[in-house]
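Visitor: Quick one: structure below, then a few questions.
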Amino acid sequence: MAILSQPIEFNRVSGVTLTREMKNAMLEVANATTPVFIGGSAGTGKSTLLRSILSQANKTLAVLAPTGAAAVNVRGTTIHSFFRFPPALMTQHSFKVSNSFRDVCKRLSGIVIDEISMVRADLLDAIDVSLKMHMQNSKPFGGIPMVFFGDTAQLPPVIADGNLKDHFAGLYESPFFFDAACLRFAGLKHVSLTQTFRQTDPDFVGLLNRVRDASATAADIAKLNQRMDSRASLVNDGAIVLTTTRRTANDTNTQRLSEIRHAETVFQARIRGDVKENAYPTDNYLRLKPGARIVMLQNSSDFWMNGTLGTVVNFGQRDGEDAIQVELPTGLHWVKRVTWDVIRYAKSKDGPGLVEEVVGSFEQFPMKLAWAITIHKCQGMTFDEVIVDLSHGAFEYGQLYVALSRCRALTGLRLTAPIRPSDLKFHPRIQWFEQQR
């Protein structure tokens with residue numbers, strides 16, 4: 001069974017005009033006989049293309065992501081939940097065949113994994129082993145078409161434990177998905193998106209690409225450091241602060257909220273079923289005041305996008321439900337709670353194919369305080385004005401690149417501390433992988 005439910009003979013999908021690159025990528029997915037990796041630097045339309053593919057996909061396509069929050073964003077489920085993997089080093093996992101999961105696998109038209117840059121090599125190998133066992137097929141991934149989405153230079157896999165790092169280093173060239181043993185002979189097809197939509201200034205795009213691969217020159221760094229303003233994080237204006245640590249973001253938001261001379265209103269999320277805390281798309285207890293800066297966390301077809309900044313104006317009722325009035329660039333809007341479903345896939349009882357089972361839901365207003373957020377949380381978002389807080393320096397591969405590339409234009413960027421050459425971090429294995437295409 002093919003991933004897509006119909007031939008690609010169109011230029012628009014769900015209201016989106018496809019570029020030639022996007023259409024070619026969809027054709028690769030439609031005709032996939034080997035795993036397909038769809039990559040591209042920040043702002044090249046990967047999320048748009050993914051949504052277009054999902055709108056045309058067979059209902060038996062499974063959509064997975066490495067984290068709960070990323071899975072919720074694409075209306076999918078986590079890799080660990082889908083494959084019933086433990087949160088451990090997967091090379092030590094004892095695989096057992098499950099008849100119920102075999103039924104699920106037999107009905108799959110394919111698997112899409114988003115944010116593949118955060119998937120460790122051992123986890124991808126475990127997926128390969130599990131699918132081979134359950135499909136009783138020795139082909140890569142048990143013969144099931146696989147599609148990976150992501151930017152390898154963005155957030156990398158996490159290996160926090162020192163002993164685990166040493167053990168992992170003895171097994172793999174790197175923790176990145178492309179160094180998984182299962183891909184050595186799988187014939188991974190590499191498709192790159194190159195047309196940038198987030199930024200329109202070619203000079204800024206070029207600068208960001210040089211930050212991405214750590215080839216930025218002294219002149220590039222000097223140009224960025226012209227945007228330094230040591231008092232920027234203290235200015236209560238339209239910009240959002242992107243920080244390297246969660247504590248700094250939380251402290252900044254708490255302090256800014258306390259400075260507003262209005263009563264605080266707390267909205268508790270309505271959580272039903274099986275929803276893990278790390279999958280919460282926003283705060284369980286959302287604390288707001290009129291005048292609070294917020295960021296929207298879901299796309300609206302007409303009025304806002306994921307990443308749109310706004311201000312809380314008032315609280316009230318609409319159609320008998322709690323509502324929050326916010327001021328956005330498109331005007332004043334009353335926002336109601338929305339529901340994020342937590343999905344699990346199961347075999348259909350009415351015939352061949354899969355059905356999505358909602359095993360839990362998280363209902364809350366699609367916003368959170370946004371004087372500051374972490375760089376890890378801002379991946380996939382776009383802002384007009386950004387303050388990058390580098391007071392602690394960039395300590396992770398791709399961290400500086402992700403932060404800078406959230407901004408539409410250089411003129412909208414400010415820095416609280418100068419960028420240092422050591423802040424540019426590009427893993428040599430990523431360079432090797434990208435040279436293979």
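Quick note on naming: the chains in the structure tokens go A, B, ... in the order shown, residues restart at 1 in each chain, and ligands are numbered from 1 in order of appearance.
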Please identify all polymer residues within 10 Å of stretch 284-286 of chain A, counting only C-alpha atoms, omitting same-chain residues fewer than 5 positions from it, and present them as a list in words.

Guide: Thr265, Val266, Phe267, Gln268, Ala269, Arg270, Ile271, Glu277, Phe362, Glu363, Gln364, Phe365, Met367, Lys368 and Leu369 of chain A

Visitor: So that I can check the secondary structure, give me every residue of stretch 132-316 of chain A assigned helix (DSSP H, G or I) by backbone DSSP, as a PyMOL selection string.

Guide: chain A and resi 132-135+140-143+162-169+177-179+181-183+202-212+218-225+232-234+246-258+277-279

Visitor: Just want the 8 Å neighbourhood of A:Asp384, counted on only C-alpha atoms, with same-chain residues fewer than 5 positions away dropped. Output as a ChimeraX atom specification.

Guide: /A:239,407-409,412

Visitor: Quick one: residues within 8 Å of A:Trp334, only C-alpha atoms counted, chain neighbours fewer than 3 positions away excluded, as number ranges by chain?

Guide: A: 318, 323-326

Visitor: Could you tell me how far atom CA of A:Phe383 lies from atom CA of A:Leu309, in Å and to one decimal?

Guide: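 Computing it gives 7.7 Å between the two atoms.
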
Visitor: Would you mind writing down, as a PyMOL selection string, each residue of stretch 103-336 of chain A that DSSP on the backbone assigns to strand (DSSP E)?

Guide: chain A and resi 110-113+146-149+189-193+240-243+265-268+270-273+285-288+293-296+309-318+321-328+331-335

Visitor: Need to verify the contact set: A:Ile79, 10 Å, only C-alpha atoms, exclusion of same-chain residues closer than 4 positions in sequence. Can you return it as a PyMOL selection string?

Guide: chain A and resi 63-68+71+83-85+113+119+123-124+127

Visitor: Let me make sure I understand: among A:Pro140, A:Gly393, A:Gly40, A:Pro145, which one has the smallest atom-to-atom distance to A:Ser109 if we use only C-alpha atoms?

Guide: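 Of the candidates, the smallest distance to A:Ser109 is held by A:Pro145.
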
Visitor: Write out as a PyMOL selection string the residues lying within 9 Å of A:Ile144, counting only C-alpha atoms and excluding same-chain residues fewer than 4 positions away.

Guide: chain A and resi 33-35+105+108-111+131+135+139-140

Visitor: Kindly save the residues from that selection, with N, CA, C and O atoms included, as a short mmCIF file (atom, residue, chain, number, x, y, z; two decimals), in the first residue's frame.

Guide:
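Everything below was put into result_0.cif:
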```
data_model
loop_
_atom_site.label_atom_id
_atom_site.label_comp_id
_atom_site.auth_asym_id
_atom_site.auth_seq_id
_atom_site.Cartn_x
_atom_site.Cartn_y
_atom_site.Cartn_z
N THR A 33 10.64 3.49 -2.25
CA THR A 33 10.99 2.07 -2.09
C THR A 33 12.09 1.90 -1.06
O THR A 33 12.39 0.79 -0.64
N THR A 34 12.72 3.01 -0.68
CA THR A 34 13.73 3.04 0.38
C THR A 34 13.38 4.21 1.31
O THR A 34 12.59 5.09 0.94
N PRO A 35 13.95 4.25 2.52
CA PRO A 35 13.66 5.36 3.43
C PRO A 35 13.99 6.71 2.79
O PRO A 35 14.98 6.84 2.05
N CYS A 105 1.21 -3.42 12.57
CA CYS A 105 2.26 -3.27 11.57
C CYS A 105 1.81 -3.74 10.20
O CYS A 105 2.13 -3.12 9.17
N LEU A 108 0.01 -1.05 8.16
CA LEU A 108 0.64 0.24 7.93
C LEU A 108 0.91 0.48 6.44
O LEU A 108 1.41 -0.40 5.74
N SER A 109 0.61 1.70 5.99
CA SER A 109 1.04 2.11 4.65
C SER A 109 2.41 2.77 4.71
O SER A 109 3.09 2.92 3.69
N GLY A 110 2.83 3.17 5.90
CA GLY A 110 4.13 3.81 6.07
C GLY A 110 4.22 4.46 7.43
O GLY A 110 3.25 4.50 8.20
N ILE A 111 5.41 4.96 7.74
CA ILE A 111 5.66 5.66 9.00
C ILE A 111 6.40 6.96 8.69
O ILE A 111 7.40 6.96 7.95
N LEU A 131 10.23 -3.77 13.59
CA LEU A 131 9.41 -3.92 12.38
C LEU A 131 9.77 -5.20 11.62
O LEU A 131 8.88 -5.88 11.09
N MET A 135 6.88 -7.85 11.09
CA MET A 135 6.48 -8.04 9.70
C MET A 135 6.99 -9.37 9.14
O MET A 135 6.61 -9.75 8.04
N LYS A 139 13.77 -7.17 5.08
CA LYS A 139 14.10 -5.90 4.43
C LYS A 139 14.21 -4.80 5.48
O LYS A 139 13.67 -4.92 6.58
N PRO A 140 14.93 -3.68 5.15
CA PRO A 140 15.02 -2.58 6.11
C PRO A 140 13.64 -2.15 6.58
O PRO A 140 12.71 -2.00 5.78
#
```

Visitor: What lies within 10 Å of A:Cys182 using only C-alpha atoms, ignoring chain neighbours under 3 positions off, as number ranges by chain?

Guide: A: 121-122, 124-129, 139-141, 177-179, 185-187

Visitor: Would you put the residues from that selection into a file with N, CA, C and O atoms, as a tab-separated table (two decimals), in the first residue's frame?

Guide:
```
chain	number	residue	atom	x	y	z
A	121	ALA	N	20.51	7.10	17.30
A	121	ALA	CA	20.79	5.98	16.39
A	121	ALA	C	20.28	4.65	16.95
A	121	ALA	O	19.74	3.82	16.21
A	122	ASP	N	20.43	4.46	18.27
A	122	ASP	CA	19.99	3.19	18.84
A	122	ASP	C	18.48	3.04	18.77
A	122	ASP	O	17.95	1.94	18.62
A	124	LEU	N	16.53	4.29	16.33
A	124	LEU	CA	16.18	3.95	14.95
A	124	LEU	C	16.50	2.49	14.67
A	124	LEU	O	15.73	1.80	13.99
A	125	ASP	N	17.61	1.99	15.22
A	125	ASP	CA	17.91	0.56	15.06
A	125	ASP	C	16.86	-0.31	15.73
A	125	ASP	O	16.50	-1.38	15.21
A	126	ALA	N	16.36	0.14	16.88
A	126	ALA	CA	15.32	-0.62	17.57
A	126	ALA	C	14.04	-0.66	16.75
A	126	ALA	O	13.34	-1.68	16.69
A	127	ILE	N	13.71	0.45	16.10
A	127	ILE	CA	12.54	0.49	15.22
A	127	ILE	C	12.70	-0.52	14.10
A	127	ILE	O	11.78	-1.27	13.76
A	128	ASP	N	13.89	-0.54	13.51
A	128	ASP	CA	14.18	-1.48	12.42
A	128	ASP	C	14.01	-2.93	12.87
A	128	ASP	O	13.35	-3.74	12.20
A	129	VAL	N	14.57	-3.26	14.02
A	129	VAL	CA	14.49	-4.63	14.54
A	129	VAL	C	13.04	-5.01	14.83
A	129	VAL	O	12.56	-6.09	14.45
A	139	LYS	N	13.77	-7.17	5.08
A	139	LYS	CA	14.10	-5.90	4.43
A	139	LYS	C	14.21	-4.80	5.48
A	139	LYS	O	13.67	-4.92	6.58
A	140	PRO	N	14.93	-3.68	5.15
A	140	PRO	CA	15.02	-2.58	6.11
A	140	PRO	C	13.64	-2.15	6.58
A	140	PRO	O	12.71	-2.00	5.78
A	141	PHE	N	13.49	-2.02	7.88
A	141	PHE	CA	12.24	-1.61	8.52
A	141	PHE	C	11.07	-2.55	8.15
A	141	PHE	O	9.92	-2.13	8.06
A	177	PHE	N	20.69	9.97	14.02
A	177	PHE	CA	19.91	8.89	13.40
A	177	PHE	C	20.62	8.30	12.19
A	177	PHE	O	20.51	7.09	11.93
A	178	PHE	N	21.34	9.13	11.43
A	178	PHE	CA	21.93	8.64	10.19
A	178	PHE	C	23.11	7.70	10.43
A	178	PHE	O	23.60	7.07	9.50
A	179	ASP	N	23.58	7.60	11.68
A	179	ASP	CA	24.63	6.65	11.99
A	179	ASP	C	24.08	5.33	12.53
A	179	ASP	O	24.84	4.47	13.00
A	185	PHE	N	22.80	-0.04	4.70
A	185	PHE	CA	22.49	-0.68	3.42
A	185	PHE	C	21.03	-0.47	3.02
A	185	PHE	O	20.51	-1.19	2.18
A	186	ALA	N	20.40	0.54	3.63
A	186	ALA	CA	18.97	0.76	3.35
A	186	ALA	C	18.75	1.67	2.16
A	186	ALA	O	17.63	1.79	1.67
A	187	GLY	N	19.80	2.34	1.68
A	187	GLY	CA	19.64	3.23	0.53
A	187	GLY	C	18.84	4.47	0.85
A	187	GLY	O	17.90	4.82	0.13
```

Visitor: I need the residue nearest A:Thr48 from this list: A:Ala32, A:Ser130, A:Thr19, A:Leu61. Use only C-alpha atoms for the distance.

Guide: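 Ranking A:Ala32, A:Ser130, A:Thr19, A:Leu61 by distance to A:Thr48, first place goes to A:Thr19.
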
Visitor: Expressed in Å to a single decimal, how great is the separation between atom CA of A:Leu297 and atom CA of A:Pro366?

Guide: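 Atom CA of A:Leu297 sits 5.1 Å away from atom CA of A:Pro366.
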
Visitor: Given only C-alpha atoms, how would the per-residue table for stretch 128-192 of chain A near stretch 423-432 of chain A read, listing every residue at most 8 Å away with its closest atom pair and distance in Å to one decimal, sorted by chain and number, as JSON lines?

Guide:
```
{"residue": "A:Thr152", "atom": "CA", "partner": "A:Ile430", "partner_atom": "CA", "distance": 6.6}
{"residue": "A:Ala153", "atom": "CA", "partner": "A:Phe426", "partner_atom": "CA", "distance": 6.9}
{"residue": "A:Glu173", "atom": "CA", "partner": "A:Arg429", "partner_atom": "CA", "distance": 8.0}
{"residue": "A:Ser174", "atom": "CA", "partner": "A:Arg429", "partner_atom": "CA", "distance": 7.0}
```

Visitor: Write the residues of the selection above to a file with all heavy atoms, as a CSV table (one decimal), in the first residue's frame.

Guide:
```csv
chain,number,residue,atom,x,y,z
A,152,THR,N,19.1,18.5,10.4
A,152,THR,CA,20.2,17.8,11.2
A,152,THR,C,21.0,18.8,12.0
A,152,THR,O,21.5,18.4,13.0
A,152,THR,CB,21.1,17.0,10.3
A,152,THR,OG1,21.6,17.8,9.2
A,152,THR,CG2,20.4,15.8,9.7
A,153,ALA,N,21.0,20.1,11.6
A,153,ALA,CA,21.8,21.0,12.4
A,153,ALA,C,21.0,21.7,13.5
A,153,ALA,O,21.5,22.5,14.2
A,153,ALA,CB,22.3,22.1,11.4
A,173,GLU,N,29.2,5.8,15.6
A,173,GLU,CA,30.1,7.0,15.2
A,173,GLU,C,29.6,8.2,15.9
A,173,GLU,O,30.3,9.1,16.2
A,173,GLU,CB,30.1,7.1,13.7
A,173,GLU,CG,30.9,6.1,12.9
A,173,GLU,CD,32.4,6.4,13.0
A,173,GLU,OE1,32.8,7.5,13.3
A,173,GLU,OE2,33.1,5.4,12.8
A,174,SER,N,28.3,8.4,16.0
A,174,SER,CA,27.6,9.5,16.6
A,174,SER,C,26.3,9.1,17.1
A,174,SER,O,25.8,8.0,16.7
A,174,SER,CB,27.5,10.7,15.7
A,174,SER,OG,26.4,10.6,14.8
```

Visitor: Could you state the separation of atom CA of A:Arg287 and atom CA of A:Glu264 in Å, given to one decimal place?

Guide: 6.6 Å
